[in-house]
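Enquirer: File name structure-v7.txt; file contents compact mmCIF, C-alpha atoms; full text below.
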```txt
# COMPACT_ATOMS: atom_id res chain seq x y z
CA MET A 1 28.26 52.96 -36.59
CA MET A 2 26.82 54.63 -33.52
CA ASP A 3 23.38 53.22 -34.24
CA HIS A 4 24.81 49.72 -34.52
CA THR A 5 26.62 50.08 -31.17
CA LEU A 6 23.44 51.33 -29.51
CA LYS A 7 21.47 48.41 -30.90
CA LEU A 8 24.00 45.90 -29.55
CA ALA A 9 23.98 47.60 -26.15
CA LEU A 10 20.19 47.58 -26.08
CA LEU A 11 20.08 43.91 -27.06
CA LEU A 12 22.60 43.03 -24.35
CA PHE A 13 20.56 44.98 -21.80
CA ILE A 14 17.39 43.08 -22.76
CA VAL A 15 19.17 39.71 -22.49
CA VAL A 16 20.60 40.55 -19.07
CA ALA A 17 17.25 41.90 -17.86
CA CYS A 18 15.45 38.74 -18.98
CA ALA A 19 18.04 36.54 -17.25
CA ILE A 20 17.67 38.52 -14.02
CA LYS A 21 13.89 38.29 -14.28
CA ARG A 22 14.02 34.51 -14.81
CA ALA A 23 16.39 34.07 -11.88
CA SER A 24 14.16 36.24 -9.71
CA SER A 25 11.07 34.37 -10.83
CA SER A 26 12.75 31.03 -10.13
CA GLU A 27 13.84 32.20 -6.70
CA ASN A 28 10.34 33.44 -5.92
CA ASP A 29 8.88 30.12 -7.09
CA PHE A 30 11.22 28.16 -4.83
CA GLU A 31 10.39 30.38 -1.87
CA HIS A 32 6.67 29.91 -2.55
CA CYS A 33 7.12 26.14 -2.78
CA GLU A 34 9.23 26.05 0.36
CA THR A 35 6.54 27.94 2.29
CA THR A 36 3.82 25.67 0.89
CA VAL A 37 5.65 22.46 1.81
CA LYS A 38 6.64 23.66 5.27
CA GLN A 39 3.08 24.74 6.09
CA TRP A 40 1.75 21.37 4.93
CA ALA A 41 4.38 19.48 6.95
CA SER A 42 3.64 21.49 10.09
CA ALA A 43 -0.10 20.80 9.76
CA SER A 44 0.46 17.12 8.90
CA LEU A 45 2.73 16.16 11.79
CA ASP A 46 0.52 14.00 13.97
CA PRO A 47 0.94 14.50 17.71
CA ASP A 48 2.67 11.70 19.59
CA VAL A 49 0.29 8.88 20.41
CA GLU A 50 -0.12 9.08 24.19
CA GLU A 51 -1.44 5.58 24.72
CA ASP A 52 0.37 2.39 23.70
CA LYS A 53 0.73 2.51 19.92
CA GLN A 54 0.57 -1.27 19.76
CA ILE A 55 -2.95 -1.44 21.14
CA LEU A 56 -5.50 -2.12 18.40
CA ARG A 57 -8.25 0.49 18.17
CA ASP A 58 -11.75 0.02 16.76
CA LEU A 59 -10.75 0.36 13.08
CA LEU A 60 -7.67 -1.15 11.42
CA PHE A 61 -6.45 0.74 8.34
CA PHE A 62 -4.06 -1.31 6.20
CA LEU A 63 -2.18 1.15 4.01
CA HIS A 64 -1.10 -1.19 1.23
CA VAL A 65 1.95 0.05 -0.66
CA PRO A 66 1.83 -1.67 -4.10
CA ARG A 67 4.21 -4.58 -4.77
CA THR A 68 5.13 -5.21 -1.14
CA GLY A 69 3.29 -8.52 -0.71
CA GLY A 70 0.42 -6.80 1.07
CA ARG A 71 -2.18 -8.73 -0.87
CA THR A 72 -0.95 -11.90 0.83
CA TYR A 73 -1.51 -10.33 4.23
CA TYR A 74 -4.98 -9.25 3.15
CA GLN A 75 -6.04 -12.62 1.71
CA CYS A 76 -4.30 -14.95 4.18
CA PHE A 77 -4.60 -13.01 7.41
CA LEU A 78 -6.82 -9.93 7.53
CA LYS A 79 -9.66 -11.19 5.36
CA LYS A 80 -9.75 -14.43 7.35
CA LEU A 81 -9.65 -12.71 10.71
CA TYR A 82 -12.49 -10.36 9.79
CA SER A 83 -14.51 -12.91 7.79
CA SER A 84 -17.16 -13.44 10.49
CA SER A 85 -19.32 -10.70 8.99
CA SER A 86 -19.28 -8.73 5.74
CA SER A 87 -20.11 -5.61 7.77
CA LEU A 88 -16.73 -5.79 9.53
CA GLU A 89 -14.84 -4.82 6.37
CA CYS A 90 -15.22 -1.26 5.14
CA PRO A 91 -17.09 -1.07 1.82
CA ARG A 92 -15.20 -0.88 -1.47
CA SER A 93 -11.80 -1.80 -0.09
CA TYR A 94 -9.20 -2.00 -2.90
CA ASP A 95 -11.60 -0.04 -5.06
CA LYS A 96 -11.66 3.52 -6.35
CA LEU A 97 -10.45 6.22 -3.98
CA ARG A 98 -13.40 8.56 -3.86
CA PHE A 99 -15.54 6.94 -1.18
CA ASN A 100 -16.46 7.58 2.42
CA PRO A 101 -15.74 4.55 4.60
CA ARG A 102 -17.63 5.84 7.65
CA LYS A 103 -19.65 2.96 9.05
CA THR A 104 -20.59 2.30 12.66
CA ASP A 105 -19.42 -1.32 12.71
CA CYS A 106 -16.65 -1.02 10.09
CA ARG A 107 -13.50 -2.65 11.49
CA LEU A 108 -11.10 -3.15 8.54
CA LEU A 109 -10.07 -0.90 5.66
CA SER A 110 -7.54 -2.42 3.23
CA THR A 111 -6.65 -0.18 0.34
CA HIS A 112 -3.95 1.25 -1.94
CA ASP A 113 -5.28 4.67 -0.96
CA ASP A 114 -2.74 6.97 0.65
CA TYR A 115 -2.69 8.32 4.20
CA SER A 116 -4.97 11.23 3.27
CA ILE A 117 -7.91 8.83 3.65
CA MET A 118 -7.45 9.35 7.39
CA SER A 119 -9.26 12.67 6.88
CA LYS A 120 -12.42 10.56 6.36
CA LEU A 121 -11.81 8.18 9.25
CA PRO A 122 -12.32 8.57 13.02
CA LYS A 123 -8.63 9.26 13.68
CA ASP A 124 -8.74 8.67 17.44
CA LYS A 125 -10.34 5.25 16.86
CA THR A 126 -8.13 4.10 13.98
CA SER A 127 -4.91 2.06 14.01
CA ALA A 128 -2.76 2.00 10.87
CA MET A 129 -0.41 -0.67 9.56
CA THR A 130 1.74 -1.04 6.45
CA ILE A 131 4.48 -3.10 4.82
CA LEU A 132 7.54 -1.65 3.10
CA ARG A 133 9.92 -3.15 0.58
CA ASN A 134 13.43 -2.41 -0.63
CA PRO A 135 12.75 0.42 -3.15
CA LEU A 136 14.99 -1.14 -5.80
CA ASP A 137 13.04 -4.40 -5.74
CA ARG A 138 9.72 -2.56 -5.63
CA ILE A 139 10.58 -0.60 -8.80
CA PHE A 140 11.53 -3.81 -10.61
CA SER A 141 8.32 -5.48 -9.45
CA THR A 142 6.17 -2.50 -10.49
CA TYR A 143 7.78 -2.46 -13.94
CA GLU A 144 7.28 -6.20 -14.39
CA PHE A 145 3.67 -6.23 -13.14
CA SER A 146 2.71 -3.28 -15.34
CA ILE A 147 3.99 -5.16 -18.40
CA GLU A 148 2.47 -8.46 -17.28
CA VAL A 149 -1.07 -7.06 -16.98
CA ALA A 150 -0.78 -4.88 -20.10
CA ALA A 151 0.49 -7.81 -22.18
CA ARG A 152 -2.77 -9.70 -21.56
CA PHE A 153 -4.42 -7.34 -24.03
CA LEU A 154 -2.09 -8.32 -26.88
CA ILE A 155 -4.52 -11.07 -27.90
CA HIS A 156 -6.45 -8.26 -29.59
CA PRO A 157 -5.54 -7.09 -33.12
CA ASN A 158 -5.12 -3.45 -32.10
CA ILE A 159 -5.34 -1.01 -29.18
CA THR A 160 -8.85 0.13 -30.13
CA SER A 161 -10.23 -3.42 -29.96
CA ALA A 162 -8.45 -4.07 -26.66
CA THR A 163 -9.79 -0.89 -25.07
CA ARG A 164 -13.37 -1.49 -26.18
CA MET A 165 -13.42 -5.12 -25.07
CA SER A 166 -11.92 -4.19 -21.71
CA ALA A 167 -14.58 -1.54 -21.17
CA ARG A 168 -17.38 -3.99 -22.00
CA ILE A 169 -16.07 -6.69 -19.68
CA ARG A 170 -15.57 -4.26 -16.80
CA ALA A 171 -19.12 -2.92 -17.27
CA LYS A 172 -20.57 -6.43 -16.94
CA ARG A 173 -18.49 -7.52 -13.96
CA ALA A 174 -19.72 -6.85 -10.45
CA GLY A 175 -16.23 -7.08 -8.99
CA VAL A 176 -13.27 -4.73 -9.19
CA SER A 177 -10.80 -4.80 -12.07
CA THR A 178 -7.08 -4.11 -11.79
CA LEU A 179 -7.80 -1.13 -14.05
CA ASP A 180 -9.97 0.37 -11.29
CA ILE A 181 -7.23 0.29 -8.68
CA TRP A 182 -4.55 2.90 -8.08
CA PRO A 183 -1.82 2.97 -9.39
CA TRP A 184 -2.59 0.33 -12.02
CA LYS A 185 -5.43 2.36 -13.51
CA TYR A 186 -2.67 4.71 -14.71
CA LEU A 187 0.28 2.38 -15.27
CA VAL A 188 -1.43 -0.47 -17.14
CA PRO A 189 -3.10 1.68 -19.87
CA TRP A 190 0.23 3.48 -20.33
CA MET A 191 2.13 0.22 -20.84
CA ARG A 192 -0.69 -1.28 -22.92
CA GLU A 193 -0.51 1.59 -25.39
CA ASP A 194 3.28 1.29 -25.52
CA LEU A 195 3.18 -2.48 -26.16
CA PHE A 196 0.78 -2.08 -29.08
CA ALA A 197 2.86 0.75 -30.55
CA ARG A 198 6.02 -1.39 -30.42
CA ARG A 199 4.20 -4.36 -31.97
CA GLU A 200 3.08 -2.21 -34.88
CA ALA A 201 6.63 -0.89 -35.27
CA ARG A 202 7.96 -4.47 -35.45
CA LYS A 203 5.48 -5.30 -38.20
CA LEU A 204 6.74 -2.36 -40.24
CA LYS A 205 10.37 -3.37 -39.69
CA GLY A 206 9.74 -6.98 -40.62
CA SER A 207 12.94 -9.04 -40.59
CA ALA A 208 14.90 -5.93 -39.60
CA SER A 209 13.51 -6.26 -36.09
CA THR A 210 16.15 -7.38 -33.60
CA LEU A 211 15.81 -9.22 -30.31
CA SER A 212 17.92 -8.49 -27.27
CA ASN A 213 19.13 -11.05 -24.74
CA GLN A 214 18.79 -8.41 -22.01
CA SER A 215 15.36 -8.80 -20.37
CA TYR A 216 15.19 -5.16 -19.29
CA SER A 217 16.39 -3.70 -22.58
CA MET A 218 14.19 -5.31 -25.26
CA LYS A 219 13.24 -2.05 -26.94
CA ASP A 220 11.64 -3.68 -29.98
CA THR A 221 9.21 -5.57 -27.73
CA VAL A 222 8.72 -3.57 -24.56
CA MET A 223 9.75 -0.26 -23.03
CA PRO A 224 13.29 -0.64 -21.66
CA LEU A 225 13.68 -0.22 -17.91
CA LEU A 226 15.91 2.85 -18.32
CA GLU A 227 13.30 4.58 -20.48
CA TYR A 228 10.56 3.52 -18.06
CA ILE A 229 12.14 5.06 -14.96
CA HIS A 230 12.74 8.40 -16.71
CA ASN A 231 9.21 8.74 -18.08
CA PRO A 232 7.14 11.58 -16.50
CA ILE A 233 4.46 9.06 -15.49
CA ALA A 234 7.02 7.12 -13.47
CA GLN A 235 8.24 10.35 -11.93
CA ASP A 236 4.68 11.23 -10.92
CA ILE A 237 3.49 7.85 -9.62
CA ILE A 238 6.28 5.35 -9.02
CA HIS A 239 9.40 7.07 -7.70
CA ASN A 240 9.36 7.65 -3.94
CA GLY A 241 5.89 6.12 -4.07
CA ALA A 242 6.01 4.65 -0.57
CA THR A 243 7.01 7.98 0.99
CA PHE A 244 4.34 9.91 -0.90
CA GLN A 245 1.70 7.29 -0.06
CA ILE A 246 2.44 7.33 3.66
CA ALA A 247 2.67 11.14 3.58
CA GLY A 248 -0.69 11.31 1.76
CA LEU A 249 0.76 12.99 -1.35
CA THR A 250 0.02 10.61 -4.23
CA ASN A 251 -1.59 11.91 -7.41
CA ASN A 252 -4.86 10.48 -6.05
CA SER A 253 -4.73 12.18 -2.69
CA ASN A 254 -8.06 12.90 -1.04
CA LEU A 255 -6.85 16.39 -0.12
CA GLU A 256 -6.74 18.96 -2.92
CA SER A 257 -3.90 20.90 -1.28
CA SER A 258 -1.67 17.82 -1.46
CA HIS A 259 -1.20 18.11 -5.22
CA LYS A 260 0.59 21.44 -5.01
CA VAL A 261 2.87 20.08 -2.28
CA ARG A 262 3.77 17.02 -4.36
CA ASP A 263 4.47 19.14 -7.43
CA CYS A 264 6.80 21.35 -5.40
CA VAL A 265 8.69 18.38 -3.96
CA VAL A 266 9.10 16.78 -7.40
CA LYS A 267 10.33 20.12 -8.78
CA TYR A 268 12.68 20.93 -5.89
CA GLN A 269 14.10 17.71 -4.45
CA SER A 270 15.62 19.45 -1.42
CA LEU A 271 12.07 19.99 -0.12
CA GLY A 272 11.63 16.23 0.13
CA GLU A 273 13.21 16.23 3.58
CA HIS A 274 10.03 17.81 5.00
CA VAL A 275 7.91 15.05 3.46
CA LEU A 276 10.28 12.44 4.86
CA VAL A 277 9.87 13.82 8.38
CA VAL A 278 6.08 13.45 8.12
CA ALA A 279 6.30 9.92 6.68
CA LYS A 280 8.71 8.79 9.42
CA LYS A 281 6.47 10.21 12.14
CA ARG A 282 3.50 8.32 10.73
CA LEU A 283 5.45 5.08 10.70
CA ASP A 284 6.33 5.72 14.34
CA ASN A 285 2.63 5.94 15.22
CA MET A 286 1.57 2.80 13.35
CA LEU A 287 0.40 -0.38 15.03
CA PHE A 288 2.54 -2.58 12.78
CA VAL A 289 5.27 -2.01 10.18
CA GLY A 290 6.33 -5.12 8.25
CA LEU A 291 9.14 -5.71 5.74
CA THR A 292 8.71 -7.70 2.54
CA GLU A 293 12.28 -9.00 2.71
CA LYS A 294 11.66 -10.39 6.20
CA HIS A 295 8.38 -12.08 5.42
CA LYS A 296 8.63 -14.88 8.00
CA GLU A 297 9.60 -12.56 10.82
CA SER A 298 6.97 -10.04 9.74
CA ALA A 299 4.22 -12.66 9.70
CA THR A 300 5.22 -13.81 13.18
CA LEU A 301 5.27 -10.24 14.46
CA PHE A 302 1.89 -9.61 12.81
CA SER A 303 0.43 -12.64 14.62
CA ASN A 304 1.59 -11.28 17.96
CA VAL A 305 0.90 -7.58 17.51
CA VAL A 306 -2.20 -7.57 15.29
CA GLY A 307 -3.73 -11.04 14.94
CA ALA A 308 -4.12 -11.81 18.64
CA GLN A 309 -5.69 -8.42 19.33
CA VAL A 310 -8.17 -8.82 16.46
CA ILE A 311 -9.27 -12.14 17.95
CA THR A 312 -9.71 -10.51 21.36
CA GLN A 313 -11.67 -7.65 19.83
CA LEU A 314 -13.97 -9.97 17.89
CA MET A 315 -14.53 -12.12 20.98
CA LYS A 316 -15.90 -9.07 22.76
CA LEU A 317 -18.17 -8.34 19.79
CA ASP A 318 -19.23 -12.00 19.82
CA SER A 319 -20.02 -11.80 23.51
CA THR A 320 -22.19 -8.72 22.98
CA ALA A 321 -24.01 -10.34 20.08
CA GLU A 322 -24.52 -13.49 22.17
CA GLN A 323 -26.18 -11.56 24.96
CA THR A 324 -28.47 -9.90 22.41
CA ILE A 325 -29.45 -13.27 20.98
CA HIS A 326 -30.35 -14.66 24.42
CA SER A 327 -32.36 -11.60 25.37
CA ASP A 328 -34.27 -11.58 22.06
CA SER A 329 -34.97 -15.28 21.75
CA ASP A 330 -34.49 -18.18 24.17
CA SER A 331 -35.95 -20.76 21.81
CA GLU A 332 -33.07 -21.13 19.37
CA SER A 333 -31.45 -24.53 19.29
CA ASP A 334 -27.86 -25.18 20.28
CA THR A 335 -27.09 -25.94 16.64
CA SER A 336 -28.46 -22.57 15.53
CA LEU A 337 -26.44 -20.75 18.16
CA HIS A 338 -23.36 -22.67 17.13
CA GLN A 339 -23.75 -21.79 13.45
CA ASN A 340 -24.56 -18.14 14.12
CA SER A 341 -21.39 -17.70 16.16
CA SER A 342 -19.04 -15.31 14.39
CA SER A 343 -16.10 -17.25 15.83
CA TYR A 344 -17.52 -20.44 14.37
CA ARG A 345 -17.93 -18.88 10.93
CA MET A 346 -14.43 -17.40 11.14
CA VAL A 347 -12.85 -20.81 11.76
CA LYS A 348 -15.02 -22.47 9.13
CA LYS A 349 -13.94 -20.04 6.42
CA ILE A 350 -10.22 -20.09 7.12
CA SER A 351 -8.21 -22.00 4.55
CA PRO A 352 -4.60 -21.61 3.51
CA VAL A 353 -4.05 -19.18 0.62
CA THR A 354 -0.67 -18.82 -1.00
CA THR A 355 0.35 -15.87 -3.14
CA VAL A 356 3.73 -16.08 -4.81
CA GLU A 357 5.32 -13.33 -6.83
CA VAL A 358 7.20 -14.69 -9.80
CA THR A 359 10.41 -12.70 -9.97
CA ASN A 360 13.13 -12.53 -12.57
CA GLU A 361 16.05 -12.53 -10.14
CA ASN A 362 18.62 -13.88 -12.61
CA ALA A 363 17.74 -11.25 -15.20
CA ARG A 364 17.99 -8.52 -12.59
CA LEU A 365 21.58 -9.52 -11.93
CA HIS A 366 22.49 -8.46 -15.47
CA VAL A 367 21.06 -4.95 -15.18
CA PRO A 368 23.94 -2.45 -15.50
CA LYS A 369 25.15 -0.98 -12.22
CA LEU A 370 24.57 2.53 -13.55
CA VAL A 371 20.87 1.77 -14.05
CA LEU A 372 20.57 0.43 -10.50
CA GLU A 373 22.29 3.53 -9.14
CA GLU A 374 19.94 5.71 -11.20
CA ILE A 375 16.89 3.98 -9.71
CA MET A 376 18.23 4.48 -6.19
CA SER A 377 18.98 8.12 -6.94
CA LEU A 378 15.44 8.69 -8.21
CA ASN A 379 14.05 7.06 -5.07
CA ILE A 380 16.24 8.65 -2.44
CA LEU A 381 13.27 9.42 -0.15
CA ASP A 382 12.07 5.82 -0.29
CA MET A 383 15.59 4.54 0.36
CA GLU A 384 15.78 6.64 3.51
CA LEU A 385 12.27 5.72 4.64
CA TYR A 386 12.96 2.01 4.13
CA LYS A 387 16.10 2.28 6.24
CA TYR A 388 14.05 3.98 8.96
CA ALA A 389 11.38 1.25 8.74
CA GLN A 390 14.07 -1.40 9.22
CA GLY A 391 14.93 0.26 12.53
CA ILE A 392 11.28 0.27 13.63
CA PHE A 393 10.90 -3.38 12.65
CA ALA A 394 14.03 -4.42 14.54
CA LYS A 395 12.79 -2.59 17.64
CA GLN A 396 9.33 -4.21 17.43
CA HIS A 397 10.90 -7.61 16.88
CA ARG A 398 13.19 -7.22 19.92
CA HIS A 399 10.28 -6.25 22.15
CA MET A 400 8.06 -9.11 20.98
CA PRO A 401 9.47 -11.79 23.38
CA LEU A 402 8.95 -9.34 26.26
CA LYS A 403 5.27 -9.15 25.44
CA SER A 404 5.09 -12.92 25.39
CA ALA A 405 6.54 -13.04 28.89
CA ALA A 406 3.77 -10.82 30.29
CA PRO A 407 1.72 -11.98 33.34
CA ASP A 408 -0.58 -14.94 32.79
CA THR A 409 -3.87 -13.08 32.58
CA LYS A 410 -6.93 -13.84 30.51
CA GLU A 411 -6.01 -11.15 27.99
CA ASN A 412 -2.33 -12.12 27.76
CA ARG A 413 -3.11 -15.79 27.27
CA LEU A 414 -4.66 -14.80 23.94
CA ILE A 415 -1.30 -13.39 22.84
CA SER A 416 0.70 -16.60 22.67
CA PRO A 417 4.51 -16.56 22.50
CA LEU A 418 5.06 -17.00 18.78
CA GLY A 419 8.29 -15.06 18.57
CA ALA A 420 10.57 -18.04 17.97
CA LEU A 421 8.22 -20.00 15.69
CA HIS A 422 8.25 -20.30 11.96
CA TRP A 423 5.64 -18.04 10.35
CA LYS A 424 3.58 -20.97 9.07
CA VAL A 425 3.51 -22.50 12.52
CA ALA A 426 2.50 -19.10 13.87
CA PHE A 427 -0.39 -18.93 11.46
CA LEU A 428 -1.51 -22.47 12.25
CA SER A 429 -1.31 -21.62 15.93
CA SER A 430 -3.62 -18.68 15.30
CA ILE A 431 -6.10 -21.01 13.57
CA SER A 432 -5.91 -23.42 16.52
CA LEU A 433 -6.57 -20.52 18.84
CA LEU A 434 -9.62 -19.58 16.80
CA VAL A 435 -10.95 -23.14 17.07
CA PHE A 436 -10.39 -23.06 20.84
CA VAL A 437 -12.19 -19.71 21.09
CA SER A 438 -15.19 -21.02 19.18
CA LEU A 439 -15.43 -24.05 21.46
CA VAL A 440 -15.29 -21.83 24.54
CA VAL A 441 -18.05 -19.60 23.16
CA ILE A 442 -20.24 -22.59 22.32
CA ALA A 443 -19.73 -24.04 25.81
CA ARG A 444 -20.62 -20.71 27.43
CA ARG A 445 -23.78 -20.48 25.36
CA LYS A 446 -24.87 -23.97 26.38
CA LYS A 447 -24.25 -23.10 30.02
CA LEU A 448 -26.29 -19.91 29.73
CA LYS A 449 -29.14 -21.77 28.04
CA ILE A 450 -29.25 -24.30 30.88
CA LYS A 451 -29.46 -21.46 33.41
CA VAL A 452 -32.35 -19.90 31.50
```
Spell out the structure here as structure tokens.
Expert:
Amino acid sequence: MMDHTLKLALLLFIVVACAIKRASSSENDFEHCETTVKQWASASLDPDVEEDKQILRDLLFFLHVPRTGGRTYYQCFLKKLYSSSSSLECPRSYDKLRFNPRKTDCRLLSTHDDYSIMSKLPKDKTSAMTILRNPLDRIFSTYEFSIEVAARFLIHPNITSATRMSARIRAKRAGVSTLDIWPWKYLVPWMREDLFARREARKLKGSASTLSNQSYSMKDTVMPLLEYIHNPIAQDIIHNGATFQIAGLTNNSNLESSHKVRDCVVKYQSLGEHVLVVAKKRLDNMLFVGLTEKHKESATLFSNVVGAQVITQLMKLDSTAEQTIHSDSDSESDTSLHQNSSSYRMVKKISPVTTVEVTNENARLHVPKLVLEEIMSLNILDMELYKYAQGIFAKQHRHMPLKSAAPDTKENRLISPLGALHWKVAFLSSISLLVFVSLVVIARRKKLKIKV
């Protein structure tokens, strides 16, 4: 009897000791994570920008948060503005992350890379811009786009055939595939594998397979939204993605130390407040912060804050190149000078490009409220950052008419008062301005040639 009592007491002691050890270990782990995150945040807080933050520096870094409509800005605005020379755009934009964009005449970097890429850029000569979207809509859009791209592979009989064919096509193509770009290089293969698995399961079920009238809960066909948002891959890449991207803490960060910080924040959500402070500070220091939901106003603000300054900057480059041309060769014809003008080529290449995201708004209305609340709960950092970005946008938008009312100087005439115009009119006005600039440059060149 005594032996039995001793055994029970010993067992109880071991259980209690193990529980205390686990609690101590957990506490030590939290303290270690807290120290790690705080040290990172302290080192990552950029000093306040002393000069005007809305003055464009030599290099423009467009931090493109996925599914915010940033591709439209790149194709319709940035690519057109910087189209005068291929050397103006940093190499391998929208490509794989591991590259060094240092280039003496590189003026534009557009990429899904996170803010850690700034460690490879001349920070004091770089202006950053970004666009943010309501986190709820961004999650829906990410889910839908992942399925859309992955479903293109269903023409193949099985996953093996799809993977092999994809690899062969990508090897032959000179361009960049969606599967090369973060985060789709992770999300699309994941959804592709899931789609094939569910198709095989339907074949086995035969007539027993059932279809749902709920677009986001068709489990026999595609991964339901609720399952999607709780998957570890979504936790690692999608949730709070905008905050992690602006903080430089994505799973593809250029800084090795960032991975430990991200893991700690995912594990202990209370540490996210330190990441949020860094992300907010970086938004404060950006040249331009747009909002997907206010596309017209954002495009107008972009024209005033970014577009006009790019034109001014390229005019100065054009002027320098022009002087070089005249000093090197006085025998070129007026036609040759006209066609070699970067402003001329810029205007010639500009053509309207429209990118429209096909959304399933009606289907979204039928998503259960509990699922919507769950998405918002999982993206609490992004919800807070988006709210903060709305404040920045409103402030920039209020100040825009004041900039338009600036003194009538040569520089300020380039920044036309577009604040009250429709965004399409604003864009057309920018094109007209480019045409005017090219004519001025051509006239100046003719005048200089006469003097020579």
Enquirer: Between A:Ile237, A:Met218, A:Leu8, A:Val176, which has the minimum distance to Ser253 (chain A) (counting only C-alpha atoms)?
Expert: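 Selected residue with least distance to Ser253 (chain A): A:Ile237.
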Enquirer: Work out how far apart CA of Thr221 (chain A) and CA of Glu193 (chain A) are and give it in Å to one decimal.
Expert: 12.3 Å
Enquirer: Could you work out how far CA of Leu121 (chain A) lies from CA of Met400 (chain A), giving the answer in Å with one decimal?
Expert: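 Pair CA of Met400 (chain A) / CA of Leu121 (chain A) returns 28.8 Å.
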Enquirer: Counting all atoms listed in the file, what is within 12 Å of Lys387 (chain A), bar same-chain residues fewer than 2 positions away, as a PDB file with C-alpha atoms, keeping the file's coordinate frame?
Expert:
```pdb
ATOM      1  CA  LEU A 132       7.540  -1.650   3.100  1.00  0.00           C
ATOM      2  CA  ARG A 133       9.920  -3.150   0.580  1.00  0.00           C
ATOM      3  CA  ASN A 134      13.430  -2.410  -0.630  1.00  0.00           C
ATOM      4  CA  PRO A 135      12.750   0.420  -3.150  1.00  0.00           C
ATOM      5  CA  THR A 243       7.010   7.980   0.990  1.00  0.00           C
ATOM      6  CA  LEU A 276      10.280  12.440   4.860  1.00  0.00           C
ATOM      7  CA  LYS A 280       8.710   8.790   9.420  1.00  0.00           C
ATOM      8  CA  LEU A 283       5.450   5.080  10.700  1.00  0.00           C
ATOM      9  CA  LEU A 291       9.140  -5.710   5.740  1.00  0.00           C
ATOM     10  CA  ILE A 380      16.240   8.650  -2.440  1.00  0.00           C
ATOM     11  CA  LEU A 381      13.270   9.420  -0.150  1.00  0.00           C
ATOM     12  CA  ASP A 382      12.070   5.820  -0.290  1.00  0.00           C
ATOM     13  CA  MET A 383      15.590   4.540   0.360  1.00  0.00           C
ATOM     14  CA  GLU A 384      15.780   6.640   3.510  1.00  0.00           C
ATOM     15  CA  LEU A 385      12.270   5.720   4.640  1.00  0.00           C
ATOM     16  CA  ALA A 389      11.380   1.250   8.740  1.00  0.00           C
ATOM     17  CA  GLN A 390      14.070  -1.400   9.220  1.00  0.00           C
ATOM     18  CA  GLY A 391      14.930   0.260  12.530  1.00  0.00           C
ATOM     19  CA  ILE A 392      11.280   0.270  13.630  1.00  0.00           C
ATOM     20  CA  PHE A 393      10.900  -3.380  12.650  1.00  0.00           C
ATOM     21  CA  ALA A 394      14.030  -4.420  14.540  1.00  0.00           C
TER      22      ALA A 394
END
```
Enquirer: To one decimal place in Å, what is the distance between CA of Val275 (chain A) and CA of Ala299 (chain A)?
Expert: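 Computing the Euclidean distance for CA of Val275 (chain A) and CA of Ala299 (chain A) yields 28.6 Å.
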Enquirer: Using only C-alpha atoms, which residue out of A:Val188, A:Leu249, A:Ile131, A:Leu12 lies closest to Phe62 (chain A)?
Expert: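 When distances to Phe62 (chain A) are compared using only C-alpha atoms, the smallest one comes from A:Ile131.
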Enquirer: Show which residues sit within 6 Å of Cys106 (chain A), as an NGL selection string. Count only C-alpha atoms, and ignore same-chain residues fewer than 4 positions away.
Expert: :A and (88-90)
Enquirer: Nearest to Gly290 (chain A) among A:Ser44, A:Ser257, A:Ser303, A:Ser215, with distances taken over only C-alpha atoms: which residue is it?
Expert: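 Checking each of A:Ser44, A:Ser257, A:Ser303, A:Ser215 against Gly290 (chain A), counting only C-alpha atoms, the winner is A:Ser303.
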Enquirer: Choose the residue, out of A:Met165, A:Leu255, A:Ile311, A:Leu45, that has the smallest atom-to-atom separation from Val278 (chain A); count all atoms listed in the file.
Expert: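 Nearest to Val278 (chain A): A:Leu45.
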Enquirer: If we count all atoms listed in the file and set the cut-off at 12 Å, which residues sit around Gln214 (chain A), ignoring sequence neighbours fewer than 3 positions away in its own chain? Please answer as a ChimeraX atom specification.
Expert: /A:210-211,217-222,224-225,360,362-368
